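Reproduced below: model-v8.cif, with mmCIF, C-alpha atoms and all ligand atoms.
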data_data
#
loop_
_atom_site.label_atom_id
_atom_site.label_comp_id
_atom_site.auth_asym_id
_atom_site.auth_seq_id
_atom_site.Cartn_x
_atom_site.Cartn_y
_atom_site.Cartn_z
CA MET A 30 39.61 -105.00 -3.67
CA SER A 31 36.48 -106.31 -2.06
CA VAL A 32 36.49 -109.18 0.35
CA ARG A 33 34.43 -112.17 -0.69
CA VAL A 34 31.69 -113.55 1.50
CA VAL A 35 30.23 -116.73 0.08
CA ALA A 36 27.81 -119.36 1.36
CA ARG A 37 28.05 -123.12 0.96
CA ILE A 38 25.08 -125.38 1.57
CA ARG A 39 26.04 -128.93 2.46
CA PRO A 40 24.20 -132.01 1.19
CA LEU A 41 22.09 -134.29 3.36
CA LEU A 42 24.08 -136.93 5.20
CA PRO A 43 23.09 -140.59 4.86
CA LYS A 44 22.41 -140.83 8.59
CA GLU A 45 20.17 -137.77 8.72
CA LEU A 46 16.54 -138.50 9.56
CA ASP A 47 15.33 -134.96 9.12
CA LYS A 48 14.92 -134.68 5.36
CA ASP A 49 12.97 -131.44 5.43
CA ILE A 50 15.03 -129.13 3.23
CA ILE A 51 14.31 -125.44 3.79
CA VAL A 52 17.52 -123.70 2.66
CA ARG A 53 18.12 -123.23 -1.06
CA ALA A 54 20.53 -121.47 -3.37
CA GLY A 55 19.00 -119.02 -5.83
CA SER A 56 19.95 -116.33 -8.30
CA SER A 57 18.91 -112.73 -8.15
CA GLU A 58 19.04 -112.65 -11.96
CA ASP A 59 18.29 -115.50 -14.33
CA GLY A 60 21.08 -117.66 -15.55
CA THR A 61 23.78 -116.32 -13.28
CA GLN A 62 25.81 -118.19 -10.70
CA PRO A 63 23.64 -118.42 -7.57
CA ASN A 64 24.16 -115.50 -5.22
CA VAL A 65 21.29 -115.63 -2.76
CA VAL A 66 20.31 -118.01 0.01
CA LYS A 67 16.56 -118.51 0.39
CA ILE A 68 14.99 -119.57 3.67
CA PRO A 69 11.43 -119.31 5.01
CA SER A 70 10.54 -117.07 7.90
CA PRO A 71 10.12 -119.15 11.07
CA LYS A 72 6.91 -117.25 11.84
CA ASN A 73 5.33 -117.45 8.44
CA GLU A 74 6.38 -120.27 6.13
CA ALA A 75 4.93 -118.49 3.09
CA GLU A 76 7.37 -115.64 3.54
CA ILE A 77 10.80 -116.38 2.05
CA PHE A 78 13.86 -114.41 3.12
CA SER A 79 16.71 -113.90 0.66
CA PHE A 80 20.26 -113.21 1.80
CA ALA A 81 22.74 -111.93 -0.76
CA PHE A 82 26.34 -113.11 -1.03
CA ASN A 83 29.14 -112.75 -3.53
CA SER A 84 28.42 -116.32 -4.49
CA VAL A 85 26.40 -119.25 -3.19
CA TYR A 86 27.44 -122.89 -3.58
CA GLY A 87 24.70 -125.50 -3.54
CA GLN A 88 24.60 -129.01 -2.12
CA GLU A 89 26.23 -130.59 -5.16
CA THR A 90 29.36 -128.39 -5.09
CA THR A 91 32.54 -130.47 -4.89
CA GLN A 92 35.63 -129.61 -2.87
CA GLU A 93 37.53 -129.04 -6.08
CA GLU A 94 34.92 -126.65 -7.48
CA LEU A 95 34.86 -124.55 -4.32
CA PHE A 96 38.64 -124.40 -4.14
CA ASN A 97 39.05 -123.51 -7.81
CA ALA A 98 36.46 -120.75 -7.61
CA GLU A 99 37.29 -119.14 -4.27
CA VAL A 100 40.86 -119.92 -3.28
CA ALA A 101 43.09 -120.96 -6.19
CA PRO A 102 42.99 -117.51 -7.85
CA HIS A 103 44.56 -115.97 -4.72
CA VAL A 104 47.65 -118.18 -4.64
CA LYS A 105 49.25 -115.97 -7.28
CA SER A 106 48.56 -112.92 -5.09
CA LEU A 107 50.17 -114.66 -2.15
CA PHE A 108 53.35 -115.05 -4.18
CA GLN A 109 53.10 -111.34 -5.08
CA GLY A 110 53.24 -110.54 -1.38
CA LEU A 111 49.60 -110.26 -0.36
CA ASP A 112 48.21 -111.99 2.72
CA ILE A 113 45.22 -114.30 2.39
CA THR A 114 42.74 -114.98 5.20
CA LEU A 115 40.12 -117.70 4.84
CA PHE A 116 37.34 -118.15 7.40
CA ALA A 117 34.80 -120.94 7.77
CA TYR A 118 31.85 -119.65 9.78
CA GLY A 119 28.67 -121.46 10.82
CA VAL A 120 26.77 -123.72 13.15
CA THR A 121 28.38 -127.00 14.34
CA GLY A 122 27.61 -129.77 11.87
CA THR A 123 27.29 -127.55 8.79
CA GLY A 124 30.61 -128.43 7.14
CA LYS A 125 33.26 -125.98 8.37
CA THR A 126 35.86 -128.65 9.03
CA HIS A 127 34.86 -130.48 5.88
CA THR A 128 35.40 -127.28 3.88
CA MET A 129 38.72 -126.41 5.52
CA ARG A 130 40.31 -129.78 6.21
CA GLY A 131 38.07 -132.25 4.37
CA GLY A 132 38.37 -136.00 4.22
CA MET A 133 41.33 -138.29 3.62
CA LYS A 134 40.34 -139.28 0.08
CA LEU A 135 41.93 -137.16 -2.61
CA ALA A 136 38.62 -135.82 -3.96
CA ASP A 137 37.43 -135.00 -0.42
CA ARG A 138 40.42 -132.90 0.53
CA GLY A 139 39.50 -129.46 1.76
CA VAL A 140 40.81 -125.99 1.12
CA ILE A 141 43.84 -126.32 3.42
CA PRO A 142 45.63 -129.31 1.86
CA ARG A 143 44.73 -127.96 -1.57
CA ILE A 144 46.22 -124.52 -1.00
CA LEU A 145 49.40 -126.10 0.37
CA SER A 146 49.64 -128.34 -2.65
CA HIS A 147 49.35 -125.26 -4.91
CA ILE A 148 51.90 -123.33 -2.86
CA PHE A 149 54.47 -126.13 -3.02
CA ARG A 150 53.95 -126.63 -6.73
CA ARG A 151 54.22 -122.94 -7.53
CA GLY A 152 57.25 -122.56 -5.28
CA LYS A 153 59.13 -125.42 -6.91
CA LYS A 154 58.32 -124.04 -10.35
CA LEU A 155 59.54 -120.57 -9.35
CA THR A 156 62.86 -121.95 -8.10
CA LYS A 157 63.26 -123.99 -11.29
CA ASP A 158 62.30 -121.13 -13.61
CA THR A 159 64.82 -118.81 -11.95
CA ASP A 160 67.61 -121.41 -12.01
CA GLY A 161 67.58 -121.51 -8.24
CA LEU A 162 67.89 -117.76 -7.68
CA VAL A 163 64.58 -117.65 -5.83
CA ASP A 164 64.33 -119.84 -2.75
CA VAL A 165 60.85 -120.58 -1.46
CA ASP A 166 60.34 -121.55 2.19
CA VAL A 167 57.07 -122.65 3.72
CA ALA A 168 56.66 -122.60 7.50
CA LEU A 169 53.63 -123.61 9.49
CA SER A 170 52.06 -122.47 12.75
CA TYR A 171 48.87 -123.97 14.04
CA TYR A 172 47.05 -122.94 17.19
CA GLU A 173 43.64 -122.83 18.72
CA ILE A 174 41.83 -120.20 20.74
CA TYR A 175 39.72 -121.77 23.44
CA ASN A 176 38.01 -119.66 26.13
CA ASP A 177 40.03 -116.71 24.84
CA LYS A 178 43.35 -118.49 25.47
CA VAL A 179 45.87 -119.40 22.82
CA TYR A 180 47.27 -122.96 22.66
CA ASP A 181 49.91 -124.26 20.29
CA LEU A 182 48.63 -127.25 18.33
CA LEU A 183 52.08 -128.24 17.12
CA GLU A 184 52.98 -129.08 20.72
CA PRO A 185 51.53 -132.02 22.67
CA PRO A 186 48.67 -131.14 25.08
CA GLU A 187 50.85 -132.09 28.11
CA LYS A 188 52.97 -129.03 27.42
CA ARG A 189 50.05 -126.65 27.72
CA THR A 190 49.96 -124.13 30.52
CA PRO A 191 46.50 -123.24 31.86
CA THR A 192 46.97 -119.59 30.97
CA GLY A 193 47.84 -120.27 27.34
CA LEU A 194 50.42 -118.36 25.33
CA PRO A 195 50.84 -114.60 25.89
CA LEU A 196 50.47 -111.96 23.18
CA ARG A 197 52.84 -109.06 22.53
CA GLU A 198 52.63 -106.05 20.32
CA LYS A 199 55.51 -104.98 18.14
CA ASP A 200 55.46 -102.51 15.25
CA ASN A 201 51.68 -102.44 15.46
CA LYS A 202 51.48 -106.18 14.93
CA THR A 203 50.39 -108.80 17.42
CA TYR A 204 52.58 -111.81 18.05
CA VAL A 205 51.89 -114.99 19.98
CA ILE A 206 54.93 -115.48 22.20
CA GLY A 207 56.37 -118.98 22.14
CA LEU A 208 54.27 -120.20 19.23
CA SER A 209 56.21 -122.84 17.32
CA GLU A 210 56.85 -122.71 13.64
CA ARG A 211 57.83 -125.72 11.55
CA GLN A 212 59.49 -125.72 8.20
CA CYS A 213 57.67 -127.80 5.57
CA GLU A 214 59.42 -129.18 2.52
CA ASP A 215 56.51 -130.74 0.71
CA LEU A 216 52.91 -131.85 0.97
CA ARG A 217 53.76 -135.10 2.76
CA ASP A 218 55.72 -133.17 5.34
CA PHE A 219 52.75 -130.87 5.83
CA GLU A 220 50.25 -133.69 6.12
CA ARG A 221 52.29 -135.47 8.76
CA LEU A 222 52.41 -132.31 10.91
CA TYR A 223 48.80 -131.40 10.27
CA ILE A 224 47.40 -134.81 11.18
CA ALA A 225 49.44 -134.92 14.41
CA ALA A 226 48.34 -131.38 15.30
CA ASN A 227 44.67 -132.17 14.74
CA GLN A 228 45.11 -135.18 16.98
CA ASN A 229 46.55 -132.84 19.63
CA ARG A 230 43.44 -130.72 19.31
CA VAL A 231 41.12 -133.65 19.91
CA THR A 232 43.17 -134.99 22.84
CA ALA A 233 43.34 -131.59 24.50
CA SER A 234 39.61 -130.96 24.22
CA THR A 235 38.78 -134.43 25.53
CA LYS A 236 40.92 -133.71 28.60
CA LEU A 237 38.96 -130.55 29.22
CA ASN A 238 35.74 -132.44 28.70
CA ALA A 239 35.04 -130.06 25.87
CA HIS A 240 34.62 -130.41 22.15
CA SER A 241 36.89 -129.13 19.43
CA SER A 242 33.94 -127.31 17.84
CA ARG A 243 34.19 -124.91 20.77
CA SER A 244 37.54 -123.49 19.80
CA HIS A 245 38.81 -121.56 16.78
CA ALA A 246 41.57 -123.43 14.93
CA ILE A 247 43.97 -121.16 13.08
CA LEU A 248 46.50 -122.44 10.61
CA ARG A 249 49.12 -119.96 9.45
CA VAL A 250 51.28 -120.68 6.45
CA LYS A 251 54.23 -118.36 6.12
CA LEU A 252 55.72 -118.07 2.66
CA THR A 253 59.24 -116.63 2.40
CA GLN A 254 60.72 -115.92 -1.01
CA THR A 255 64.43 -115.19 -0.93
CA THR A 256 65.97 -113.84 -4.11
CA ARG A 257 69.73 -114.05 -4.68
CA SER A 258 71.74 -112.00 -7.11
CA ASP A 259 72.73 -113.72 -10.34
CA ASP A 260 76.35 -112.51 -10.32
CA GLY A 261 77.62 -115.69 -8.71
CA SER A 262 78.20 -114.13 -5.28
CA GLY A 263 75.07 -115.72 -3.84
CA SER A 264 74.27 -112.56 -1.89
CA VAL A 265 70.65 -112.03 -0.89
CA VAL A 266 68.91 -109.32 -2.86
CA SER A 267 65.47 -109.39 -1.30
CA VAL A 268 63.21 -111.27 1.05
CA LEU A 269 59.46 -111.22 0.58
CA GLU A 270 57.18 -112.61 3.28
CA SER A 271 53.45 -113.25 3.03
CA THR A 272 51.02 -115.43 4.94
CA ALA A 273 47.96 -117.48 4.26
CA SER A 274 45.70 -118.06 7.28
CA ALA A 275 42.88 -120.57 7.37
CA ILE A 276 40.47 -120.39 10.30
CA ASP A 277 37.99 -123.08 11.26
CA LEU A 278 35.83 -121.03 13.62
CA ALA A 279 34.02 -122.33 16.69
CA GLY A 280 30.36 -123.26 16.14
CA SER A 281 28.15 -120.18 15.96
CA GLU A 282 25.04 -121.86 17.45
CA ASP A 283 23.26 -120.22 20.30
CA ASN A 284 24.61 -122.33 23.14
CA ARG A 285 22.20 -120.90 25.67
CA ARG A 286 19.40 -122.86 24.10
CA THR A 287 21.16 -126.19 23.95
CA ASP A 288 23.41 -126.34 26.97
CA ASN A 289 23.40 -125.00 30.48
CA GLY A 290 26.37 -126.39 32.44
CA ARG A 291 28.74 -123.82 33.93
CA GLU A 292 31.71 -124.85 31.80
CA ARG A 293 29.57 -124.59 28.69
CA LEU A 294 28.36 -121.15 29.65
CA VAL A 295 31.92 -119.89 30.05
CA GLU A 296 32.80 -121.36 26.66
CA SER A 297 29.70 -119.90 25.06
CA ALA A 298 30.45 -116.45 26.40
CA ALA A 299 33.96 -116.58 24.91
CA ILE A 300 32.74 -117.92 21.56
CA ASN A 301 29.85 -115.48 21.31
CA LYS A 302 32.10 -112.56 22.12
CA SER A 303 34.78 -113.41 19.57
CA LEU A 304 32.26 -114.15 16.82
CA PHE A 305 30.46 -110.92 17.70
CA VAL A 306 33.70 -108.94 17.44
CA LEU A 307 34.49 -110.69 14.16
CA SER A 308 31.14 -109.61 12.74
CA GLN A 309 31.66 -106.07 14.08
CA CYS A 310 35.05 -105.90 12.36
CA VAL A 311 33.59 -107.18 9.15
CA ASP A 312 30.79 -104.61 9.42
CA ALA A 313 33.17 -101.76 10.11
CA ILE A 314 35.37 -102.68 7.16
CA ALA A 315 32.31 -103.02 4.94
CA ARG A 316 31.25 -99.49 5.81
CA GLY A 317 34.73 -98.20 5.16
CA GLU A 318 35.17 -97.05 8.74
CA ARG A 319 38.57 -96.03 10.00
CA ARG A 320 38.18 -97.61 13.39
CA ILE A 321 37.88 -101.35 13.25
CA PRO A 322 37.40 -102.97 16.68
CA TYR A 323 39.85 -105.76 15.93
CA ARG A 324 41.59 -105.38 19.29
CA GLU A 325 38.51 -106.45 21.18
CA SER A 326 39.00 -110.17 20.77
CA LYS A 327 42.14 -112.30 20.67
CA MET A 328 41.33 -113.89 17.36
CA THR A 329 40.76 -110.66 15.44
CA ARG A 330 43.75 -109.10 17.19
CA ILE A 331 46.17 -111.86 16.24
CA LEU A 332 44.87 -111.80 12.69
CA SER A 333 44.99 -107.97 12.66
CA LEU A 334 41.70 -108.17 10.82
CA GLY A 335 41.24 -105.26 8.50
CA GLN A 336 44.76 -103.99 9.31
CA ASN A 337 46.65 -106.45 7.19
CA ASN A 338 46.83 -106.05 3.48
CA GLY A 339 45.29 -108.62 1.31
CA ILE A 340 42.37 -110.78 0.57
CA THR A 341 39.77 -112.17 2.95
CA VAL A 342 37.33 -114.90 2.01
CA MET A 343 34.58 -115.76 4.46
CA ILE A 344 32.75 -119.00 3.79
CA LEU A 345 29.43 -119.38 5.59
CA ASN A 346 28.61 -123.06 5.94
CA LEU A 347 24.94 -123.97 6.06
CA ALA A 348 22.95 -127.16 6.61
CA PRO A 349 19.78 -127.21 4.49
CA LEU A 350 17.58 -128.81 7.16
CA ARG A 351 14.70 -127.54 9.23
CA SER A 352 16.32 -128.75 12.46
CA TYR A 353 18.90 -125.94 12.01
CA HIS A 354 16.33 -123.25 11.17
CA LEU A 355 16.90 -120.62 13.88
CA ASP A 356 20.66 -121.06 14.06
CA THR A 357 20.86 -120.86 10.27
CA LEU A 358 18.92 -117.60 10.28
CA SER A 359 21.14 -116.06 12.91
CA SER A 360 24.32 -117.02 11.06
CA LEU A 361 22.86 -115.63 7.81
CA ASN A 362 22.07 -112.41 9.60
CA VAL A 363 25.63 -112.05 10.77
CA SER A 364 27.47 -112.88 7.59
CA SER A 365 25.33 -111.44 4.84
CA ARG A 366 26.20 -108.05 6.26
CA ALA A 367 29.80 -108.91 5.52
CA LYS A 368 29.36 -109.13 1.81
CA ARG A 369 30.70 -105.74 0.89
CA ILE A 370 33.91 -105.59 2.88
CA GLU A 371 36.52 -103.49 1.21
CA VAL A 372 40.17 -104.03 1.96
CA ARG A 373 42.82 -102.07 0.19
CA GLU A 374 45.06 -104.36 -1.72
CA ILE A 375 48.62 -103.44 -0.82
CA GLU A 376 51.54 -105.72 -1.34
CA ASN A 377 53.85 -106.47 1.58
CA GLU A 378 57.04 -104.50 1.32
CA VAL A 379 60.14 -106.21 0.05
CA VAL A 380 62.79 -106.18 2.76
CA TYR A 381 66.25 -105.42 1.44
CA LYS A 382 68.71 -107.56 3.32
CA GLN A 383 71.73 -106.43 1.38
CA MET A 384 72.06 -104.08 -1.50
CA PRO A 385 72.49 -105.86 -4.79
CA ARG A 386 76.19 -105.84 -5.60
CA THR A 387 75.78 -104.28 -9.02
CA PHE A 388 73.92 -101.40 -7.45
CA ASN A 389 76.61 -100.80 -4.80
CA SER A 390 79.66 -100.47 -6.92
CA THR A 391 79.64 -100.70 -10.67
CA SER A 392 76.59 -99.64 -12.66
CA SER A 393 74.99 -96.83 -10.66
CA SER A 394 78.11 -95.05 -9.42
CA SER A 395 79.80 -95.15 -12.80
CA ALA A 396 76.63 -93.86 -14.39
CA PHE A 397 76.70 -90.96 -11.95
CA SER A 398 80.34 -90.15 -12.43
CA SER A 399 80.09 -90.20 -16.19
CA SER A 400 77.10 -87.87 -16.22
CA ALA A 401 78.81 -85.55 -13.75
CA SER A 402 81.93 -85.23 -15.78
P1 LIG A 501 31.46 -128.53 11.36
O1 LIG A 501 32.95 -128.52 11.29
O2 LIG A 501 30.86 -127.26 10.83
O3 LIG A 501 30.93 -128.87 12.70
P2 LIG A 501 31.71 -130.88 9.71
O4 LIG A 501 32.66 -130.39 8.70
O5 LIG A 501 32.25 -131.76 10.77
O6 LIG A 501 30.91 -129.68 10.38
O7 LIG A 501 30.51 -131.58 8.92
C1 LIG A 501 29.51 -132.35 9.57
C2 LIG A 501 29.30 -133.64 8.78
O8 LIG A 501 28.83 -133.35 7.48
C3 LIG A 501 30.56 -134.43 8.60
O9 LIG A 501 30.26 -135.80 8.67
C4 LIG A 501 31.01 -134.05 7.20
O10 LIG A 501 31.78 -135.08 6.61
C5 LIG A 501 29.70 -133.87 6.49
N1 LIG A 501 29.79 -132.87 5.40
C6 LIG A 501 29.88 -131.54 5.56
N2 LIG A 501 29.91 -130.90 4.39
C7 LIG A 501 29.85 -131.85 3.44
C8 LIG A 501 29.85 -131.84 2.00
N3 LIG A 501 29.92 -130.70 1.31
N4 LIG A 501 29.77 -133.03 1.36
C9 LIG A 501 29.69 -134.18 2.05
N5 LIG A 501 29.67 -134.27 3.39
C10 LIG A 501 29.75 -133.13 4.09
MG MG A 502 34.28 -128.77 12.89
#
Would you mind writing the structure in this file as structure tokens?
Amino acid sequence: MSVRVVARIRPLLPKELDKDIIVRAGSSEDGTQPNVVKIPSPKNEAEIFSFAFNSVYGQETTQEELFNAEVAPHVKSLFQGLDITLFAYGVTGTGKTHTMRGGMKLADRGVIPRILSHIFRRGKKLTKDTDGLVDVDVALSYYEIYNDKVYDLLEPPEKRTPTGLPLREKDNKTYVIGLSERQCEDLRDFERLYIAANQNRVTASTKLNAHSSRSHAILRVKLTQTTRSDDGSGSVVSVLESTASAIDLAGSEDNRRTDNGRERLVESAAINKSLFVLSQCVDAIARGERRIPYRESKMTRILSLGQNNGITVMILNLAPLRSYHLDTLSSLNVSSRAKRIEVREIENEVVYKQMPRTFNSTSSSSAFSSSAS
């Protein structure tokens, strides 16, 4: 199945003085859903560049429309055992956080609260439809990667160590050691945790005299479906685990042009490197290469990008204004290459905790003995 790379152009903000719109959504064929982004060349205004995507969402696109088109269809796959990875990529101020987290009003809610709402609803329905034989658990981890160090966002900033949390490899997977995980019963539970964690992020970056747009924020939702046998024994038949990850990436702007303090340069180097590795991974997957350089940055390593089975959606956020011209072009250059990523769609394996009772004793063995005799 091919990974989706889509672009979203945000509307003008009321406070914006620059009203010179230079980025537009277009269609390569008439009457189809827009799939190209058009932008003039900075050297020659008459020359218009077109960048192709799987889909392009214009200024008027609502949160609900984007979610329904790009994320909702994958919730079913998540319950079938596939992992989902959602990235928001782009320059600071283009709408990454708006797309992922969104506003407090119901209509403004972003992809993250919406996917959780769908997961809880589907989980409750599954338990009900199976008369309680399938248990659905949702657990949350939330961390940020700042200057290539991993910090837990579910813990208060005072508990941070300067070195961040260590990584370990096990069974070819990368784990963040000491990362907390919280069980979530419902959407209210989730929102309480999520709001507190985002507050931790702001507090921590203020202490460092930094800005939260300079770190990657990674939310991981672990879905565990436990199926029990229906013979009244309550024994566990199978456990199926899958994860949905939503990543609000650090701003992709060229920091060398805008900032020159030492701290900022260290940050920029870390951001540039991880975004570069991300684009390299995406490129390698797109070309169907065996070797994907996912180990070369912490973010891609933790996400096992291209190694995990499932669906990746990359959303490139764009501001339509001239003041973003060069940064917009460079982010288009990086992500339009990503549009043909292929990832094999393989379901996560069901882990058998205990053999189903019927299989152990009665049906199968008696079937064998009768055929043998
Ligand atoms: P980023 O996270 O990429 O730095 P933000 O998500 O903070 O950008 O967006 C910058 C500003 O633009 C915010 O005030 C946000 O509310 C607003 N904004 C972004 N996208 C939209 C949109 N699609 N509709 C309305 N306002 C938006
Ligand atoms: Mg942001």
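The gap separating atom C4 of ligand LIG 501 (chain A) from CA of Gln92 (chain A) is 11.9 Å, in Å to one decimal.
Using only C-alpha atoms and all ligand atoms as the basis for the distance check, residues found within 8 Å of ligand MG 502 (chain A) are Thr121, Gly122, Gly124, Lys125, Thr126, His127, Ser241, Ser242, Asp277, Leu278, Ala279 and Gly280 of chain A.
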Just how far from CA of Val35 (chain A) is CA of Asn73 (chain A), in Å to one decimal? 26.3 Å
Report the centre and edge lengths, in Å to one decimal, of an axis-aligned box enclosing every atom of ligand LIG 501 (chain A) listed in the file, padded by 6 Å on each side, as lines of an AutoDock Vina configuration file.
center_x = 30.9
center_y = -131.5
center_z = 7.0
size_x = 16.1
size_y = 20.5
size_z = 23.4
Could you list, as a tab-separated table (two decimals) with C-alpha atoms, in the coordinates of the input, all residues that come within 10 Å of ligand LIG 501 (chain A)? Count only C-alpha atoms and all ligand atoms.
chain	number	residue	atom	x	y	z
A	37	ARG	CA	28.05	-123.12	0.96
A	38	ILE	CA	25.08	-125.38	1.57
A	39	ARG	CA	26.04	-128.93	2.46
A	40	PRO	CA	24.20	-132.01	1.19
A	41	LEU	CA	22.09	-134.29	3.36
A	42	LEU	CA	24.08	-136.93	5.20
A	43	PRO	CA	23.09	-140.59	4.86
A	44	LYS	CA	22.41	-140.83	8.59
A	45	GLU	CA	20.17	-137.77	8.72
A	86	TYR	CA	27.44	-122.89	-3.58
A	87	GLY	CA	24.70	-125.50	-3.54
A	88	GLN	CA	24.60	-129.01	-2.12
A	89	GLU	CA	26.23	-130.59	-5.16
A	90	THR	CA	29.36	-128.39	-5.09
A	91	THR	CA	32.54	-130.47	-4.89
A	92	GLN	CA	35.63	-129.61	-2.87
A	95	LEU	CA	34.86	-124.55	-4.32
A	117	ALA	CA	34.80	-120.94	7.77
A	118	TYR	CA	31.85	-119.65	9.78
A	119	GLY	CA	28.67	-121.46	10.82
A	120	VAL	CA	26.77	-123.72	13.15
A	121	THR	CA	28.38	-127.00	14.34
A	122	GLY	CA	27.61	-129.77	11.87
A	123	THR	CA	27.29	-127.55	8.79
A	124	GLY	CA	30.61	-128.43	7.14
A	125	LYS	CA	33.26	-125.98	8.37
A	126	THR	CA	35.86	-128.65	9.03
A	127	HIS	CA	34.86	-130.48	5.88
A	128	THR	CA	35.40	-127.28	3.88
A	129	MET	CA	38.72	-126.41	5.52
A	130	ARG	CA	40.31	-129.78	6.21
A	131	GLY	CA	38.07	-132.25	4.37
A	132	GLY	CA	38.37	-136.00	4.22
A	137	ASP	CA	37.43	-135.00	-0.42
A	139	GLY	CA	39.50	-129.46	1.76
A	241	SER	CA	36.89	-129.13	19.43
A	242	SER	CA	33.94	-127.31	17.84
A	243	ARG	CA	34.19	-124.91	20.77
A	277	ASP	CA	37.99	-123.08	11.26
A	278	LEU	CA	35.83	-121.03	13.62
A	279	ALA	CA	34.02	-122.33	16.69
A	280	GLY	CA	30.36	-123.26	16.14
A	281	SER	CA	28.15	-120.18	15.96
A	345	LEU	CA	29.43	-119.38	5.59
A	346	ASN	CA	28.61	-123.06	5.94
A	347	LEU	CA	24.94	-123.97	6.06
A	348	ALA	CA	22.95	-127.16	6.61
Just how far from CA of Gly339 (chain A) is CA of Val32 (chain A), in Å to one decimal? 8.9 Å
Residue with smallest distance to Ile344 (chain A) - pool A:Gln309, A:Thr156, A:Ser360, A:Ser170, counting only C-alpha atoms: A:Ser360
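Taking only C-alpha atoms into account, Val179 (chain A) lies nearest to A:Ala246 out of the set A:Asp312, A:Asp218, A:Ala246, A:Leu162.
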Can you tell me, as a list in words, what residues are no more than 12 Å from Thr61 (chain A) when counting only C-alpha atoms, ignoring any on the same chain fewer than 5 positions away? Ala54, Gly55, Ser56, Asn83, Ser84 and Val85 of chain A
Could you pull the residues within 12 Å of Ala273 (chain A), counting all atoms listed in the file, minus those fewer than 6 positions along the same chain, as a PyMOL selection string? chain A and resi 100+103-108+110-116+140-141+144-145+148+167-171+247-253+332+337-342
Using only C-alpha atoms, the residue out of A:Glu325, A:Asp164, A:Glu210, A:Glu94 with shortest distance to Leu183 (chain A) is A:Glu210
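With distances restricted to only C-alpha atoms, A:Glu282 is the closest residue to Asp356 (chain A) from A:Gln109, A:Val66, A:Glu282, A:Lys48.
Candidate residues A:Ser209, A:Ser146, A:Asn227, A:Gly161 were compared for distance to Ser258 (chain A), and the nearest is A:Gly161, using all atoms listed in the file.
With all atoms listed in the file taken into account, every residue lying no more than 9 Å from the file point (20.0, -111.9, 0.3) is included here: Ser57, Asn64, Val65, Val66, Lys67, Phe78, Ser79, Phe80, Ala81, Phe82, Leu361 and Ser365 of chain A.
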Which residue gives the smallest distance to Ser303 (chain A) among A:Lys178, A:Lys188, A:Arg320, A:His354, with all atoms listed in the file counted? A:Lys178
